[in-house]
Structure formats: structure tokens, C-alpha cells
Amino acid sequence: MARVVITGKIPAIAVERLRAEHDVVSWDEPVAITREELLKRVKGADAIVSLLTEKVDAELLDAAGPQLQVVSNVAVGYNNIDVPACKERNVLVTNTPGVLTEATADIAMALILMSTRRLAEGERVIRKQDPWQWGMFYMLGLGIQGRQLGIVGMGLIGAAVARRAKAFGMTIAYTKRSPLDAATAKELDAKHMSMDELLATSDVVSLHCPYSPETHHLMNAETIGKMKKSAYLINTARGPVVDEAALVDALKHNVIAGAGLDVFEHEPKVHEGLLGLDNAVLIPHLGSATVETRTAMANTAATNSLAVLAGKTAPNLVG
Ligand code: GLV
């Protein structure tokens, strides 16, 4: 029996699958585990099932010990894990691609609609009981039909957002290191562009790249400044892909029309400057937050850990 440490509460079905074969230690409190407690609990772990709120770095790996075989992140993004530090210690890393594609794409599409049609702003009017009346020119937004969606990072989630946006009548442009395969490019009718061209021509720019040193502050004062004044920026990827201070400045001075954010640079802290801006739609990292998706993510992470502990190849190895 191996020791599996789960760093936060995950759906019971995945815990039971791990418990059927191994000795499982889990943190079931509704608040995130403290670092101190986590460092204690991981001691002797053969597998760590981690949430994206936990930093898995050299200190944590060393606290676990040399028997550690695998870290299975319950997320597709794994920027919370120091992959080179895992490699140095022969620890495998896995993630959960595929199962959260549709849920996250739904949220990106929702943010596109919320931003361009001013839905959060409108809801605030009703809730505050501010006076309002239907009016020919009241709270007009941008119609997205015929407008260009620029997708930065055309992976599984980017393509799923493109499908939705196409159904809403948008045209699709994208950046990607290598262009899409011909069949997908044809299906999405998507145009491969340089970042500069995409920024200059898109009406909505949606971020779907992983977070890494290369994508840190990819959207900054300079790149935001290259967007159309009438354009919107959507981020469902990772907060630090956007320089939040620069975005606040741009939104305040109408450098762009608006932003829809599911993720923040210093989560769960949100830049104070965003809070008072009507042209920013702010939601608390809900991309994969459906019962079905979170269950599938936890099951995928369990499958990955179980495979490694059984001496098999894990389906979702990264790095
Ligand atoms: C969620 O943000 C994920 O990366 O799975």
C-alpha cells in the first residue's frame, strides 16, 4: 500500500478509488490547507494529488521524501508545480486535459457576452435599485456578429471557444506556435496571425495560453495598447498572463473598451482598481466549476496517480 496525500477536498468518488488501493490522507476542510500543515502531511507520500492553490516546489518535494513518485494536479494548468524540481527528483507530474475544455469554453463565451453586452453592469443597476427605463440609447453594447475573435493560444480550450463564437456569428483569428492542422482550421474557418496582427484587428481578444515565464505579462501596457480602442480582453487562462495594473490603467483611460476576467494576477486578491470599473467583468475563477467537470478532473487525477503507483504509464504526463 502506498501513501497518497490529497492537498484539498476533492469529490468523494475519486478519493474512494484511491482509498480502495492505498492509504489516503486528505485535507477535507473548506479552507485551503496551510503551508505548515501541508509540509507535515506530505511526509512519506508516494503520490501527491494537488490542487492549483498549492505550490508544489522543491521544499514540498523534499518534505515528502525520496519515495515520492508522482504529483497529480487536479487542473489542466500546472504552473503551481515546479516541473524541473520534480524532474530532478524523478517525480512524475500529471494534469487533467480534455475534461474541462467545454466548461472553461462556456465561461469564456459567457464573459464575451457579459462584457460586450454590459450584463454585469446592468445587473448592478437592478440590484442597487437605481432608476432605469428602456431607452433607445440605454446601455448599448457591441453586437458580436461579424466581429473578429482573436484567440491567443489555440489549444483544446481555444478551439472550443472558437466553435461557440462561430455559432454566435464571429469570425476567428488565432495565434499558435505552429498553425492548426488543415481539418481544424477549415472547421473553424480560423485565420493564423502574428500576435501584433491579431491584437490590431480583433474586436475581442481571448487568452488561452498556459502560464509560463514566456507568457508572464504577455498582455501589458504595450500589447494592450496595440488592441483596438473598441476591443475587449477576456482572460480565462491564468491571471499573471495579464499585467493587472496596466489593464486597470487601460480600462480607466479607455485604451480598450472592456475586459472579462475569470482569473487574477494575485488570486484570490483582485486589483483594487478593477473593483470600481464598470467596463470590467470580474468572476472568481469558475472556468471548470461544474459538478460534472470537477468530478471528472478529480477522477482523471486519481487515474494518473493510480497508474504510476501500479507501475504503469500515466495517461496525462507533462514536462
Ligand atoms: C483550472 O484553472 C485549470 O487549470 O484546470
# chains A, B, ... in the order shown; residues from 1 in each chain; ligands from 1
>>> residues_near_ligand(ligand="ligand 1", cutoff="7 Å", atoms="only C-alpha atoms and all ligand atoms", output="list in words")
Val74, Ala75, Val76, Gly77, Tyr78, Thr96, Leu100, Ala237, His285, Gly287 and Ser288 of chain A
>>> write_last_selection(atoms="N, CA and C atoms", output="mmCIF file, in the first residue's frame")
data_model
loop_
_atom_site.group_PDB
_atom_site.id
_atom_site.type_symbol
_atom_site.label_atom_id
_atom_site.label_comp_id
_atom_site.auth_asym_id
_atom_site.auth_seq_id
_atom_site.Cartn_x
_atom_site.Cartn_y
_atom_site.Cartn_z
ATOM 1 N N VAL A 74 -4.900 18.473 -9.991
ATOM 2 C CA VAL A 74 -6.314 18.426 -10.375
ATOM 3 C C VAL A 74 -6.617 19.715 -11.141
ATOM 4 N N ALA A 75 -6.000 19.862 -12.282
ATOM 5 C CA ALA A 75 -6.147 21.052 -13.145
ATOM 6 C C ALA A 75 -5.409 20.762 -14.438
ATOM 7 N N VAL A 76 -5.772 21.492 -15.472
ATOM 8 C CA VAL A 76 -5.007 21.341 -16.715
ATOM 9 C C VAL A 76 -3.754 22.204 -16.653
ATOM 10 N N GLY A 77 -3.869 23.410 -16.053
ATOM 11 C CA GLY A 77 -2.707 24.277 -15.853
ATOM 12 C C GLY A 77 -1.894 23.723 -14.694
ATOM 13 N N TYR A 78 -0.564 23.766 -14.828
ATOM 14 C CA TYR A 78 0.259 23.195 -13.754
ATOM 15 C C TYR A 78 1.404 24.139 -13.381
ATOM 16 N N THR A 96 -4.850 17.384 -15.999
ATOM 17 C CA THR A 96 -6.173 16.848 -16.382
ATOM 18 C C THR A 96 -6.702 17.514 -17.663
ATOM 19 N N LEU A 100 -11.998 19.447 -18.906
ATOM 20 C CA LEU A 100 -12.550 20.764 -18.530
ATOM 21 C C LEU A 100 -12.653 21.715 -19.711
ATOM 22 N N ALA A 237 -7.433 32.111 -18.662
ATOM 23 C CA ALA A 237 -6.235 31.256 -18.625
ATOM 24 C C ALA A 237 -5.610 31.294 -17.227
ATOM 25 N N HIS A 285 -12.657 32.768 -10.671
ATOM 26 C CA HIS A 285 -12.021 31.546 -11.200
ATOM 27 C C HIS A 285 -13.007 30.362 -11.242
ATOM 28 N N GLY A 287 -13.866 28.788 -14.217
ATOM 29 C CA GLY A 287 -13.745 28.112 -15.513
ATOM 30 C C GLY A 287 -14.201 26.657 -15.518
ATOM 31 N N SER A 288 -13.726 25.883 -14.579
ATOM 32 C CA SER A 288 -14.052 24.445 -14.581
ATOM 33 C C SER A 288 -15.094 24.093 -13.522
#
>>> select_by_dssp(residues="region 56-291 of chain A", states="helix (DSSP H, G or I)", output="PyMOL selection string")
chain A and resi 58-64+83-88+101-116+119-127+156-167+182-188+195-201+213-215+221-225+239-241+244-252+272-275+291
>>> residues_around(residues="His192 (chain A)", least_positions_apart="2", cutoff="12 Å", atoms="only C-alpha atoms", output="number ranges by chain")
A: 149-154, 171-182, 184-186, 188-190, 194-198
>>> write_last_selection(atoms="N, CA and C atoms", output="tab-separated table (two decimals), in the first residue's frame")
chain	number	residue	atom	x	y	z
A	149	LEU	N	-13.00	37.41	-33.33
A	149	LEU	CA	-12.47	36.93	-32.06
A	149	LEU	C	-11.02	36.49	-32.29
A	150	GLY	N	-10.13	37.06	-31.54
A	150	GLY	CA	-8.71	36.69	-31.63
A	150	GLY	C	-8.37	35.77	-30.46
A	151	ILE	N	-8.00	34.55	-30.80
A	151	ILE	CA	-7.69	33.56	-29.75
A	151	ILE	C	-6.18	33.43	-29.62
A	152	VAL	N	-5.71	33.74	-28.41
A	152	VAL	CA	-4.27	33.66	-28.15
A	152	VAL	C	-3.99	32.31	-27.50
A	153	GLY	N	-3.43	31.38	-28.28
A	153	GLY	CA	-3.19	30.03	-27.76
A	153	GLY	C	-4.32	29.11	-28.16
A	154	MET	N	-4.20	28.56	-29.38
A	154	MET	CA	-5.31	27.75	-29.91
A	154	MET	C	-5.11	26.28	-29.57
A	171	THR	N	-16.08	35.83	-36.51
A	171	THR	CA	-15.01	35.22	-37.30
A	171	THR	C	-13.82	34.99	-36.37
A	172	ILE	N	-12.97	34.03	-36.75
A	172	ILE	CA	-11.93	33.57	-35.83
A	172	ILE	C	-10.53	33.82	-36.37
A	173	ALA	N	-9.71	34.45	-35.52
A	173	ALA	CA	-8.27	34.57	-35.79
A	173	ALA	C	-7.55	33.94	-34.61
A	174	TYR	N	-6.33	33.47	-34.83
A	174	TYR	CA	-5.63	32.85	-33.71
A	174	TYR	C	-4.12	32.96	-33.84
A	175	THR	N	-3.47	32.87	-32.67
A	175	THR	CA	-2.02	32.71	-32.66
A	175	THR	C	-1.74	31.32	-32.10
A	176	LYS	N	-0.69	30.73	-32.58
A	176	LYS	CA	-0.28	29.40	-32.13
A	176	LYS	C	1.11	29.23	-32.70
A	177	ARG	N	1.99	28.54	-31.94
A	177	ARG	CA	3.36	28.40	-32.43
A	177	ARG	C	3.38	27.77	-33.83
A	178	SER	N	2.62	26.66	-33.97
A	178	SER	CA	2.51	26.08	-35.32
A	178	SER	C	1.05	26.16	-35.72
A	179	PRO	N	0.76	26.46	-36.99
A	179	PRO	CA	-0.64	26.60	-37.39
A	179	PRO	C	-1.45	25.33	-37.12
A	180	LEU	N	-2.76	25.49	-37.01
A	180	LEU	CA	-3.66	24.35	-36.79
A	180	LEU	C	-3.56	23.37	-37.94
A	181	ASP	N	-3.93	22.12	-37.68
A	181	ASP	CA	-3.99	21.17	-38.79
A	181	ASP	C	-5.10	21.62	-39.74
A	182	ALA	N	-4.97	21.22	-40.99
A	182	ALA	CA	-5.86	21.75	-42.03
A	182	ALA	C	-7.33	21.50	-41.72
A	184	THR	N	-8.94	21.15	-38.76
A	184	THR	CA	-9.47	22.04	-37.71
A	184	THR	C	-9.55	23.49	-38.20
A	185	ALA	N	-8.51	23.91	-38.93
A	185	ALA	CA	-8.51	25.29	-39.46
A	185	ALA	C	-9.72	25.48	-40.37
A	186	LYS	N	-10.05	24.44	-41.14
A	186	LYS	CA	-11.19	24.52	-42.06
A	186	LYS	C	-12.49	24.53	-41.27
A	188	LEU	N	-13.05	25.49	-38.27
A	188	LEU	CA	-13.24	26.74	-37.51
A	188	LEU	C	-13.15	27.96	-38.43
A	189	ASP	N	-12.75	27.74	-39.67
A	189	ASP	CA	-12.55	28.83	-40.61
A	189	ASP	C	-11.66	29.89	-39.94
A	190	ALA	N	-10.57	29.39	-39.35
A	190	ALA	CA	-9.75	30.27	-38.49
A	190	ALA	C	-8.48	30.71	-39.21
A	194	SER	N	0.01	36.72	-36.72
A	194	SER	CA	1.03	37.08	-35.73
A	194	SER	C	0.28	37.75	-34.57
A	195	MET	N	0.92	37.78	-33.39
A	195	MET	CA	0.29	38.41	-32.23
A	195	MET	C	-0.08	39.87	-32.55
A	196	ASP	N	0.85	40.59	-33.18
A	196	ASP	CA	0.60	42.01	-33.48
A	196	ASP	C	-0.61	42.19	-34.39
A	197	GLU	N	-0.71	41.33	-35.41
A	197	GLU	CA	-1.83	41.45	-36.34
A	197	GLU	C	-3.14	41.11	-35.62
A	198	LEU	N	-3.09	40.06	-34.81
A	198	LEU	CA	-4.30	39.65	-34.07
A	198	LEU	C	-4.77	40.77	-33.15
>>> residues_around(residues="Gly239 (chain A)", least_positions_apart="2", cutoff="7 Å", atoms="only C-alpha atoms", output="PyMOL selection string")
chain A and resi 237+241-242+263-265
>>> residues_around(residues="Asn79 (chain A)", least_positions_apart="2", cutoff="10 Å", atoms="only C-alpha atoms", output="VMD selection string")
chain A and resid 52 55 to 56 73 75 to 77 81 to 83 210 to 213 238
>>> residues_around(residues="Thr300 (chain A)", least_positions_apart="3", cutoff="9 Å", atoms="only C-alpha atoms", output="list in words")
Ala14, Ser72, Val74, Asn95, Thr96, Pro97, Val99, Thr295, Ala296, Met297, Thr303, Asn304, Ser305, Pro315 and Asn316 of chain A
>>> residues_around(residues="Ile33 (chain A)", least_positions_apart="6", cutoff="8 Å", atoms="only C-alpha atoms", output="list of chain:residue names")
A:Thr7, A:Gly8, A:Trp27
>>> atom_distance(atom1="CA of Leu233 (chain A)", atom2="CA of Gly135 (chain A)")
27.4 Å
>>> closest_residue(among="A:Val31, A:Ile48, A:Leu274, A:Ile144", to="Asp249 (chain A)", atoms="only C-alpha atoms")
A:Leu274
>>> atom_distance(atom1="CA of Leu92 (chain A)", atom2="CA of Ala47 (chain A)")
9.4 Å
>>> closest_atom_pairs(of="region 88-157 of chain A", to="region 255-262 of chain A", cutoff="8 Å", atoms="only C-alpha atoms", output="tab-separated table")
residue	atom	partner	partner_atom	distance
A:Leu111	CA	A:Gly260	CA	5.3
A:Ile112	CA	A:Gly260	CA	6.9
A:Met114	CA	A:Gly260	CA	7.6
A:Ser115	CA	A:Gly260	CA	5.9
A:Thr116	CA	A:Gly258	CA	7.7
>>> write_last_selection(atoms="C-alpha atoms", output="JSON list (two decimals), in the first residue's frame")
[["chain", "number", "residue", "atom", "x", "y", "z"],
["A", 111, "LEU", "CA", -17.50, 36.58, -20.39],
["A", 112, "ILE", "CA", -17.50, 37.66, -24.04],
["A", 114, "MET", "CA", -21.21, 39.72, -20.39],
["A", 115, "SER", "CA", -18.55, 42.22, -21.43],
["A", 116, "THR", "CA", -19.82, 43.20, -24.85]]
>>> select_by_dssp(residues="region 54-298 of chain A", states="strand (DSSP E or B)", output="VMD selection string")
chain A and resid 56 70 to 73 81 92 to 94 148 to 152 171 to 175 190 to 192 204 to 207 219 232 to 235 242 258 to 261 266 269 280 to 282
>>> closest_residue(among="A:Glu21, A:Asp62, A:Ser230, A:Ser50", to="Thr94 (chain A)", atoms="only C-alpha atoms")
A:Ser50
>>> closest_residue(among="A:Leu282, A:Ala298, A:Ala159, A:Leu199", to="Glu121 (chain A)", atoms="only C-alpha atoms")
A:Leu282
>>> closest_residue(among="A:Ala105, A:Leu309, A:Ile126, A:Met193", to="Arg164 (chain A)", atoms="only C-alpha atoms")
A:Ala105
